[in-house]
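Have a look at target-v2.cif; it's mmCIF, C-alpha atoms:
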data_entry
#
loop_
_atom_site.label_atom_id
_atom_site.label_comp_id
_atom_site.auth_asym_id
_atom_site.auth_seq_id
_atom_site.Cartn_x
_atom_site.Cartn_y
_atom_site.Cartn_z
CA GLN M 1 -55.63 33.37 -6.69
CA VAL M 2 -54.17 29.88 -6.88
CA GLN M 3 -53.88 28.01 -3.61
CA LEU M 4 -52.58 24.58 -2.73
CA VAL M 5 -53.95 23.15 0.51
CA GLU M 6 -52.20 20.17 2.04
CA SER M 7 -53.54 17.78 4.61
CA GLY M 8 -52.76 14.42 6.12
CA GLY M 9 -49.49 14.76 7.97
CA GLY M 10 -48.95 13.65 11.55
CA LEU M 11 -47.12 11.36 13.92
CA VAL M 12 -46.88 7.65 13.23
CA GLN M 13 -44.78 4.75 14.44
CA ALA M 14 -42.23 3.12 12.19
CA GLY M 15 -43.93 0.73 9.82
CA GLY M 16 -47.12 2.74 9.79
CA SER M 17 -48.86 4.63 7.02
CA LEU M 18 -50.02 8.14 6.24
CA LYS M 19 -51.76 9.65 3.26
CA LEU M 20 -51.12 13.22 2.17
CA SER M 21 -53.49 15.23 0.02
CA CYS M 22 -52.87 18.37 -1.98
CA ALA M 23 -55.83 20.24 -3.43
CA VAL M 24 -55.48 23.03 -5.99
CA SER M 25 -58.06 25.81 -5.99
CA GLY M 26 -58.52 29.13 -7.72
CA SER M 27 -56.93 28.15 -11.02
CA ILE M 28 -58.52 28.50 -14.43
CA PHE M 29 -55.54 26.90 -16.16
CA SER M 30 -54.65 23.25 -16.48
CA THR M 31 -52.40 21.65 -13.90
CA ASN M 32 -49.35 19.92 -15.24
CA ASP M 33 -46.97 18.05 -12.93
CA MET M 34 -47.82 17.70 -9.26
CA GLY M 35 -45.63 16.28 -6.56
CA TRP M 36 -44.02 16.50 -3.18
CA TYR M 37 -40.70 17.66 -1.88
CA ARG M 38 -39.58 17.09 1.68
CA GLN M 39 -37.09 18.79 3.93
CA ALA M 40 -35.68 17.30 7.09
CA PRO M 41 -33.85 19.41 9.70
CA GLY M 42 -30.34 20.21 8.55
CA LYS M 43 -30.87 18.65 5.13
CA GLN M 44 -31.56 19.97 1.67
CA ARG M 45 -35.04 19.80 0.22
CA GLU M 46 -35.42 16.71 -1.96
CA LEU M 47 -37.98 15.70 -4.55
CA VAL M 48 -39.90 12.70 -3.25
CA ALA M 49 -42.46 11.94 -5.95
CA VAL M 50 -43.93 13.51 -9.06
CA ILE M 51 -46.91 12.70 -11.26
CA THR M 52 -47.63 14.16 -14.68
CA SER M 53 -51.06 15.18 -15.89
CA GLY M 54 -51.11 11.93 -17.84
CA GLY M 55 -50.36 9.83 -14.78
CA ARG M 56 -46.68 9.06 -15.27
CA THR M 57 -44.87 8.83 -11.94
CA ASN M 58 -41.35 9.05 -10.64
CA TYR M 59 -39.91 8.58 -7.16
CA VAL M 60 -36.72 9.16 -5.28
CA GLU M 61 -34.96 5.83 -4.83
CA SER M 62 -35.39 5.78 -1.05
CA VAL M 63 -39.22 5.65 -1.24
CA LYS M 64 -39.73 3.34 -4.20
CA GLY M 65 -42.00 0.44 -3.30
CA ARG M 66 -43.28 2.26 -0.19
CA PHE M 67 -44.84 5.49 -1.46
CA THR M 68 -47.46 5.85 -4.18
CA ILE M 69 -48.44 9.13 -5.78
CA SER M 70 -51.76 9.50 -7.55
CA ARG M 71 -54.09 12.26 -8.67
CA ASP M 72 -57.71 13.00 -9.36
CA ASN M 73 -57.69 15.44 -12.26
CA ALA M 74 -61.40 16.13 -11.95
CA LYS M 75 -60.85 17.36 -8.39
CA ASN M 76 -57.43 18.89 -9.13
CA THR M 77 -56.02 16.95 -6.19
CA ALA M 78 -52.94 14.80 -5.72
CA PHE M 79 -52.33 12.15 -3.09
CA LEU M 80 -49.23 10.59 -1.59
CA GLN M 81 -49.81 7.25 0.09
CA MET M 82 -46.88 6.51 2.37
CA ASN M 83 -46.52 2.98 3.69
CA SER M 84 -43.82 1.22 5.71
CA LEU M 85 -42.71 4.56 7.04
CA LYS M 86 -39.23 4.88 8.50
CA PRO M 87 -37.79 7.42 10.96
CA GLU M 88 -35.70 8.81 8.11
CA ASP M 89 -38.93 9.80 6.35
CA THR M 90 -39.46 12.42 9.06
CA ALA M 91 -39.62 15.83 7.38
CA VAL M 92 -41.87 18.65 6.35
CA TYR M 93 -43.55 17.64 3.11
CA TYR M 94 -44.39 20.34 0.57
CA CYS M 95 -46.64 19.70 -2.38
CA TYR M 96 -46.27 21.64 -5.58
CA ALA M 97 -48.08 22.06 -8.86
CA GLY M 98 -47.02 23.41 -12.21
CA ILE M 99 -49.88 25.45 -13.64
CA GLY M 100 -50.49 27.38 -16.81
CA ALA M 101 -48.41 28.40 -19.79
CA PRO M 102 -45.87 29.77 -19.28
CA LEU M 103 -45.52 27.39 -16.37
CA ASN M 104 -45.77 28.79 -12.86
CA MET M 105 -44.92 26.78 -9.76
CA TYR M 106 -47.20 26.90 -6.77
CA TRP M 107 -46.55 25.46 -3.32
CA GLY M 108 -48.56 24.13 -0.45
CA GLN M 109 -48.05 25.31 3.10
CA GLY M 110 -46.15 22.19 4.12
CA THR M 111 -47.20 19.43 6.47
CA GLN M 112 -45.11 17.75 9.15
CA VAL M 113 -44.60 14.00 8.98
CA THR M 114 -42.93 12.47 12.03
CA VAL M 115 -42.07 8.79 12.21
CA SER M 116 -41.06 7.48 15.62
CA SER M 117 -38.82 4.45 16.06
#
Rewrite the structure of this file - the entire thing - as structure tokens.
Amino acid sequence: QVQLVESGGGLVQAGGSLKLSCAVSGSIFSTNDMGWYRQAPGKQRELVAVITSGGRTNYVESVKGRFTISRDNAKNTAFLQMNSLKPEDTAVYYCYAGIGAPLNMYWGQGTQVTVSS
């Protein structure tokens, strides 16, 4: 059974940093794209960052230059380094992974990120 386990959320002051991790376990298939969505109260879920199996990355405009997504394919783990955090980054962050062929999407349990002003 495929599981994605997230860690690294928490409370930080504006301007601070957090690093999220997302580890995939239980899969015998290759992992394609990995990334994070976030959802703030009263707002739609938005894609924050994505990284392909080959290391190509893409970010939502609001986090460019502040967030960096990376992955360790050997450990089937992705990371989201979040710097210069702003109160508007406050949300529940959900990691995801596309696994197998045909592609199936798997989700982490979500982790709360709270940035105080």
Using the chain letters and numbers from the file, which residues does the PyMOL selection byres ((chain M and resi 79) around 7) grab, as an MDAnalysis selection string? chainID M and resid 19:22 69:71 77:78 80:81
Which residue out of M:Ala97, M:Met82, M:Val92, M:Leu18 has the minimum interatomic distance to M:Lys43 when all atoms listed in the file are used?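 Looking at the shortest contact to M:Lys43, the residue is M:Val92.
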Residues within 8 Å of (-41.0, 17.0, -0.5), counting only C-alpha atoms, listed as a PyMOL selection string: chain M and resi 35-39+45-49+92-95
Kindly indicate which residue among M:Val24, M:Leu103, M:Arg56, M:Lys86 lies nearest to M:Val12, using all atoms listed in the file for the distances.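 Among M:Val24, M:Leu103, M:Arg56, M:Lys86, it is M:Lys86 that comes nearest to M:Val12.
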Could you name the residues that touch M:Thr52 at 9 Å or less, counting only C-alpha atoms, but leaving out those on the same chain fewer than 5 positions away, as a list in words?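 Listing them by chain and then by number gives Thr31, Asn32, Asp33, Met34, Gly35 and Thr57 of chain M.
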Among the residues M:Leu4, M:Val60, M:Ile28, M:Ala14, the one that comes closest to M:Ala101 [using all atoms listed in the file]: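 Smallest separation from M:Ala101 among the options: M:Ile28.
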Go ahead and compute the interatomic distance for atom CA of M:Gly10 and atom CA of M:Thr111, in Å to one decimal.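 Separation of atom CA of M:Gly10 and atom CA of M:Thr111: 7.9 Å.
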Selection result of the PyMOL selection byres ((chain M and resi 117) around 9) on this file, as a PDB file with C-alpha atoms, in the coordinates of the input:
ATOM      1  CA  GLN M  13     -44.780   4.750  14.440  1.00  0.00           C
ATOM      2  CA  ALA M  14     -42.230   3.120  12.190  1.00  0.00           C
ATOM      3  CA  GLY M  15     -43.930   0.730   9.820  1.00  0.00           C
ATOM      4  CA  LYS M  86     -39.230   4.880   8.500  1.00  0.00           C
ATOM      5  CA  PRO M  87     -37.790   7.420  10.960  1.00  0.00           C
ATOM      6  CA  VAL M 115     -42.070   8.790  12.210  1.00  0.00           C
ATOM      7  CA  SER M 116     -41.060   7.480  15.620  1.00  0.00           C
TER       8      SER M 116
END
Proximity to M:Thr90 - best of M:Pro102, M:Gly55, M:Gly9, M:Gly65, only C-alpha atoms: M:Gly9
Can you measure atom CA of M:Phe67 to atom CA of M:Glu88 for me? One decimal in Å is fine.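 Value for the atom CA of M:Phe67-atom CA of M:Glu88 distance: 13.6 Å.
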Chain and number of each residue from the PyMOL selection byres ((chain M and resi 27) around 7), as number ranges by chain: M: 1-2, 25-26, 28-29
Just to confirm, what's the straight-line distance from atom CA of M:Ala74 to atom CA of M:Ala91 in Å (one decimal)?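 For atom CA of M:Ala74 relative to atom CA of M:Ala91, the distance reads 29.1 Å.
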